[in-house]
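Single-structure report; data block below.
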Amino acid sequence: MAKVAAPSPPARTRVAALAGRATAAMSRALGKGEGSVIGGRVTLALDPHGLANLSRSRTVAVVSGTNGKTTTTSMLSAALGTVEPVATNLAGANMYGGMVSAMSSSRARLVVLEADEAHVPKTIESTAPRLIVLLNLSRDQLDRAGEVRMLAEKWRNSLEGFSGIVVANADDPMVVWAAQVVRSAVWVAAGSSWRLDAASCPNCGAQIDWNGGEWRCSSCELRRPEPHAFVTSSTVAARRVGGEVRVPLDLKIPGDVNRRNAAVALTAATLLGADPHKASRAIGRLEGTGGRFASVTIAGCKARLVLAKNPAGWTEALRIARPDVKAAVIGINARVQDGRDPSWLWDVPFEQLRGRFIVATGERGRDLAVRLRYAGVEHVFISDPVNAVQTAAQRAGGNHIEIDVMGNYSAFQDFRKVAR
Ligand SMILES: [Zn+2]
């Protein structure tokens, strides 16, 4: 029988974790959400080494990147769940509070942690992970994020001397530059439809030349490494000495970007001992986390919810939106968690929506409407989200046609509140 429970952490950590869970329970009872973040914060306040203590004697995998980390974390958790029980943070609770909460509410020996990009160095230091997944780095909301190159440098510095496994995206120059300090990095072709943040080489500052999926610095040695794993139309393929292995991949979650995220998760799970076929089937059964890609009903209209938070995420979201449905809804807010400045709208290739009818909504829906006008996309602005969905459904041909309803962070949550 495999050993699936981690040994108990020190007494102080146990007491702190207990207090954290009590706080989380109270927070839930008061209707303040899941309470996992605040519970974790209480634990950390009582035991500042809680993260390290809870990680001891456990196998920790960390997943980070600007986009796709919640989905990839759930995929890796599902894949490793075929081996033994897994502890993981709740969707999006990716700072220390959420991590501590994940580990104190479960004794599972295997732990998969989603980490905010800026939290990667301290997460590595505290949890001594066996494996790290690095997906991509691009700018998040303009007024919130640190500079992309600075983050890449922090990742790189924290990976110096790292002795575990790194699974990293071969298609993102920032990630490659950060991860290449680990000699045995495993490269996956995880895609990069967004290249504006990697126009110049993180190593020398010269221009990066893109040629199809390939890229190389025009001046120094930095170039796309040969990927060890990649997706085909129906499989994940892995190269190894003497040939290629192919594992069927069939996902419920839509989008090419998620097929590539699945390839990353499958590779990581296999490196931690999962059977690739079982892992692939477990990933295939997943539906979106935290309402992502959920099929819902809003005021009687069928809708599919899509979340995108920054230019790179929107570029992928627009690809996921069904081209055969003639109308869609896009909601944009600019609250603190969204970033206050919506000028990033000008970086998103909304031109791709030409030929479709877009209902712009949300507190900054008017900014979106201006952007759509310049993009040559037929649109209307409707401030009420329910009314917006009804209008789009009508235009698409009726309530029975599932339309895409896309939103940035808080706009997405607003749609979830009215969805059933
Ligand atoms: Zn260079």
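If you're wondering about the labels, chains in the structure tokens are A, B, ... by order shown, residues count from 1 in each chain, ligands from 1 in order shown.
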| said: Neighbouring residues of region 51-54 of chain A were defined as those with any atom within 10 Å, considering only C-alpha atoms; residues of the same chain fewer than 4 positions away were excluded. Please report them as JSON, numbers by chain. | reply: {"A": [6, 7, 8, 9, 10, 12, 13, 14, 17, 40, 43, 44, 47, 58, 96, 97, 99, 100, 101, 102, 103, 104, 107, 122, 123, 124, 125, 126, 127, 128]}
For the selection just defined, write its residues with C-alpha atoms to a file, as a CSV table (one decimal), in the first residue's frame.
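Result written to result-v1.csv:
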```csv
chain,number,residue,atom,x,y,z
A,6,ALA,CA,2.2,13.1,5.0
A,7,PRO,CA,3.7,12.9,8.6
A,8,SER,CA,2.4,15.5,11.0
A,9,PRO,CA,4.0,19.0,10.9
A,10,PRO,CA,5.4,20.5,14.1
A,12,ARG,CA,3.1,25.1,16.3
A,13,THR,CA,2.2,24.6,12.7
A,14,ARG,CA,-0.7,22.2,13.7
A,17,ALA,CA,-3.4,25.4,10.9
A,40,GLY,CA,-4.3,30.5,5.4
A,43,THR,CA,-2.1,30.2,9.9
A,44,LEU,CA,0.8,32.1,8.5
A,47,ASP,CA,3.5,30.3,12.2
A,58,ARG,CA,5.6,15.9,0.9
A,96,TYR,CA,0.8,32.0,0.3
A,97,GLY,CA,-2.6,32.1,2.2
A,99,MET,CA,-1.2,27.5,-0.5
A,100,VAL,CA,-1.1,27.1,3.3
A,101,SER,CA,-4.8,26.5,3.3
A,102,ALA,CA,-4.5,23.8,0.7
A,103,MET,CA,-1.9,21.9,2.7
A,104,SER,CA,-3.4,22.3,6.1
A,107,ARG,CA,-2.9,15.3,4.7
A,122,LYS,CA,9.5,32.3,-2.2
A,123,THR,CA,7.4,29.3,-3.0
A,124,ILE,CA,10.5,27.4,-4.3
A,125,GLU,CA,12.4,28.4,-1.2
A,126,SER,CA,9.6,27.4,1.3
A,127,THR,CA,8.2,24.3,-0.3
A,128,ALA,CA,11.3,22.8,-1.9
```
| request: Please provide as a ChimeraX atom specification all residues within 8 Å of Ile320 (chain A), with the sequence filter that same-chain residues fewer than 6 positions apart are discarded (counting only C-alpha atoms). | output: /A:254-256
| task | Could you report the residues within 7 Å of ligand 1, using only C-alpha atoms and all ligand atoms, as a PyMOL selection string? | result | chain A and resi 201-206+217-222
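The spacing separating CA of Asp275 (chain A) from CA of Val245 (chain A) amounts to 12.7 Å.
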| request: Would you please extract all helix (DSSP H, G or I) residues from region 145-380 of chain A, as assigned by DSSP on the backbone, and give them as number ranges by chain? | output: A: 148-159, 173-179, 196-198, 256-271, 276-285, 311-320, 336-338, 342-347, 350-353, 365-375
| said: Let's see if you can do this: from backbone DSSP, list all strand (DSSP E) residues in region 61-93 of chain A, as number ranges by chain. | reply: A: 61-64, 86-88
For the residues in that selection, give me all heavy atoms as an mmCIF file, in the first residue's frame.
```cif
data_model
loop_
_atom_site.group_PDB
_atom_site.id
_atom_site.type_symbol
_atom_site.label_atom_id
_atom_site.label_comp_id
_atom_site.auth_asym_id
_atom_site.auth_seq_id
_atom_site.Cartn_x
_atom_site.Cartn_y
_atom_site.Cartn_z
ATOM 1 N N ALA A 61 4.466 19.934 -6.262
ATOM 2 C CA ALA A 61 4.632 20.436 -7.630
ATOM 3 C C ALA A 61 4.042 21.842 -7.668
ATOM 4 O O ALA A 61 2.974 22.083 -7.104
ATOM 5 C CB ALA A 61 3.921 19.531 -8.621
ATOM 6 N N VAL A 62 4.754 22.764 -8.301
ATOM 7 C CA VAL A 62 4.312 24.159 -8.365
ATOM 8 C C VAL A 62 4.017 24.516 -9.818
ATOM 9 O O VAL A 62 4.787 24.158 -10.709
ATOM 10 C CB VAL A 62 5.402 25.092 -7.790
ATOM 11 C CG1 VAL A 62 5.034 26.551 -7.993
ATOM 12 C CG2 VAL A 62 5.628 24.802 -6.311
ATOM 13 N N VAL A 63 2.912 25.197 -10.050
ATOM 14 C CA VAL A 63 2.538 25.622 -11.411
ATOM 15 C C VAL A 63 2.436 27.138 -11.432
ATOM 16 O O VAL A 63 1.728 27.733 -10.607
ATOM 17 C CB VAL A 63 1.171 25.022 -11.823
ATOM 18 C CG1 VAL A 63 0.766 25.515 -13.209
ATOM 19 C CG2 VAL A 63 1.204 23.502 -11.776
ATOM 20 N N SER A 64 3.147 27.788 -12.364
ATOM 21 C CA SER A 64 3.009 29.234 -12.470
ATOM 22 C C SER A 64 3.040 29.693 -13.920
ATOM 23 O O SER A 64 3.359 28.927 -14.826
ATOM 24 C CB SER A 64 4.105 29.934 -11.652
ATOM 25 O OG SER A 64 3.768 31.301 -11.495
ATOM 26 N N VAL A 86 -4.460 13.958 -3.822
ATOM 27 C CA VAL A 86 -3.678 15.171 -4.048
ATOM 28 C C VAL A 86 -4.298 16.336 -3.280
ATOM 29 O O VAL A 86 -5.516 16.497 -3.276
ATOM 30 C CB VAL A 86 -3.663 15.517 -5.558
ATOM 31 C CG1 VAL A 86 -2.995 16.860 -5.815
ATOM 32 C CG2 VAL A 86 -2.975 14.424 -6.361
ATOM 33 N N ALA A 87 -3.455 17.132 -2.633
ATOM 34 C CA ALA A 87 -3.921 18.393 -2.043
ATOM 35 C C ALA A 87 -3.602 19.516 -3.024
ATOM 36 O O ALA A 87 -2.522 19.546 -3.598
ATOM 37 C CB ALA A 87 -3.217 18.649 -0.711
ATOM 38 N N THR A 88 -4.540 20.428 -3.216
ATOM 39 C CA THR A 88 -4.276 21.536 -4.139
ATOM 40 C C THR A 88 -5.062 22.764 -3.718
ATOM 41 O O THR A 88 -6.065 22.654 -3.012
ATOM 42 C CB THR A 88 -4.626 21.139 -5.592
ATOM 43 O OG1 THR A 88 -4.228 22.186 -6.482
ATOM 44 C CG2 THR A 88 -6.120 20.903 -5.773
#
```
| query | Can you list, as JSON, numbers by chain, every protein, DNA or RNA residue that comes within 9 Å of Ala238 (chain A) when you count only C-alpha atoms, leaving out same-chain residues fewer than 4 positions away? | reply | {"A": [188, 227, 228, 229, 230, 231, 243, 244, 245, 246, 247, 267]}
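With distances restricted to only C-alpha atoms, A:Val167 is the closest residue to Gly65 (chain A) from A:Leu271, A:Val167, A:Ala5, A:Val111.
Around Thr59 (chain A), within 9 Å and counting only C-alpha atoms, the residues found are Ser55, Arg109, Leu110, Val111, Val112, Ala128, Pro129, Arg130 and Leu131 of chain A, once anything fewer than 4 positions away on its own chain is removed.
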Selected residues, N, CA and C atoms, written as an mmCIF file, in the first residue's frame, please.
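In the end it all went to out.cif:
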```cif
data_model
loop_
_atom_site.group_PDB
_atom_site.id
_atom_site.type_symbol
_atom_site.label_atom_id
_atom_site.label_comp_id
_atom_site.auth_asym_id
_atom_site.auth_seq_id
_atom_site.Cartn_x
_atom_site.Cartn_y
_atom_site.Cartn_z
ATOM 1 N N SER A 55 5.098 21.666 4.066
ATOM 2 C CA SER A 55 5.624 21.034 2.848
ATOM 3 C C SER A 55 6.543 19.861 3.152
ATOM 4 N N ARG A 109 -0.103 13.365 0.619
ATOM 5 C CA ARG A 109 1.346 13.505 0.488
ATOM 6 C C ARG A 109 1.714 14.269 -0.797
ATOM 7 N N LEU A 110 0.909 14.071 -1.824
ATOM 8 C CA LEU A 110 1.146 14.781 -3.079
ATOM 9 C C LEU A 110 0.440 16.137 -3.035
ATOM 10 N N VAL A 111 1.179 17.202 -3.406
ATOM 11 C CA VAL A 111 0.609 18.545 -3.343
ATOM 12 C C VAL A 111 0.857 19.246 -4.674
ATOM 13 N N VAL A 112 -0.174 19.837 -5.255
ATOM 14 C CA VAL A 112 -0.007 20.638 -6.471
ATOM 15 C C VAL A 112 -0.422 22.063 -6.141
ATOM 16 N N ALA A 128 10.374 23.698 -1.325
ATOM 17 C CA ALA A 128 11.341 22.776 -1.942
ATOM 18 C C ALA A 128 10.650 21.801 -2.896
ATOM 19 N N PRO A 129 10.020 22.321 -3.953
ATOM 20 C CA PRO A 129 9.221 21.441 -4.809
ATOM 21 C C PRO A 129 10.058 20.396 -5.537
ATOM 22 N N ARG A 130 9.439 19.273 -5.824
ATOM 23 C CA ARG A 130 10.075 18.242 -6.647
ATOM 24 C C ARG A 130 10.019 18.655 -8.112
ATOM 25 N N LEU A 131 8.965 19.396 -8.469
ATOM 26 C CA LEU A 131 8.762 19.740 -9.878
ATOM 27 C C LEU A 131 8.129 21.134 -9.984
#
```
| field | Contacts of Asn157 (chain A) at 12 Å (only C-alpha atoms; same-chain gap of 5+ positions) as a list in words | value | Val120, Pro121, Lys122, Ile124, Glu125, Met150, Leu151, Ala152, Phe162, Trp177, Ala178, Ala179, Gln180, Val181 and Val182 of chain A
| query | Gly407 (chain A): which residues within 6 Å, counting only C-alpha atoms, same-chain residues fewer than 6 positions away excluded, as a PyMOL selection string? | reply | chain A and resi 307+330-332
Dump N, CA, C and O atoms for the selected residues as an mmCIF file, in the first residue's frame?
```
data_model
loop_
_atom_site.group_PDB
_atom_site.id
_atom_site.type_symbol
_atom_site.label_atom_id
_atom_site.label_comp_id
_atom_site.auth_asym_id
_atom_site.auth_seq_id
_atom_site.Cartn_x
_atom_site.Cartn_y
_atom_site.Cartn_z
ATOM 1 N N LEU A 307 -13.247 33.229 -19.323
ATOM 2 C CA LEU A 307 -12.529 34.238 -18.540
ATOM 3 C C LEU A 307 -11.223 34.610 -19.235
ATOM 4 O O LEU A 307 -10.487 33.735 -19.696
ATOM 5 N N ILE A 330 -19.203 40.485 -24.498
ATOM 6 C CA ILE A 330 -17.915 40.718 -23.833
ATOM 7 C C ILE A 330 -18.129 41.766 -22.745
ATOM 8 O O ILE A 330 -18.624 42.864 -23.011
ATOM 9 N N GLY A 331 -17.774 41.404 -21.510
ATOM 10 C CA GLY A 331 -17.899 42.325 -20.389
ATOM 11 C C GLY A 331 -16.530 42.775 -19.893
ATOM 12 O O GLY A 331 -15.642 41.948 -19.709
ATOM 13 N N ILE A 332 -16.386 44.068 -19.707
ATOM 14 C CA ILE A 332 -15.111 44.613 -19.220
ATOM 15 C C ILE A 332 -15.378 45.508 -18.010
ATOM 16 O O ILE A 332 -16.163 46.454 -18.079
#
```
| request: Give me the residues within 7 Å of Asn399 (chain A) as a VMD selection string, counting only C-alpha atoms and dropping any in the same chain fewer than 2 places off. | output: chain A and resid 300 to 302 393 to 394 401
| query | CA of Leu135 (chain A) and CA of Val306 (chain A) are how many Å apart? | reply | 19.4 Å
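Of the listed residues A:Ile283, A:Ala327, A:Ala419, A:Leu134, the one whose atoms come nearest to Ala269 (chain A) is A:Ile283, with distances taken using only C-alpha atoms.
For the choices A:Ser193, A:Thr270, A:Ser280, A:Thr66, the atom-to-atom distance to Ala317 (chain A) is smallest for A:Ser193 when using only C-alpha atoms.
CA of Ala263 (chain A) to CA of Asn94 (chain A) spans 21.6 Å [interatomic distance, one decimal].
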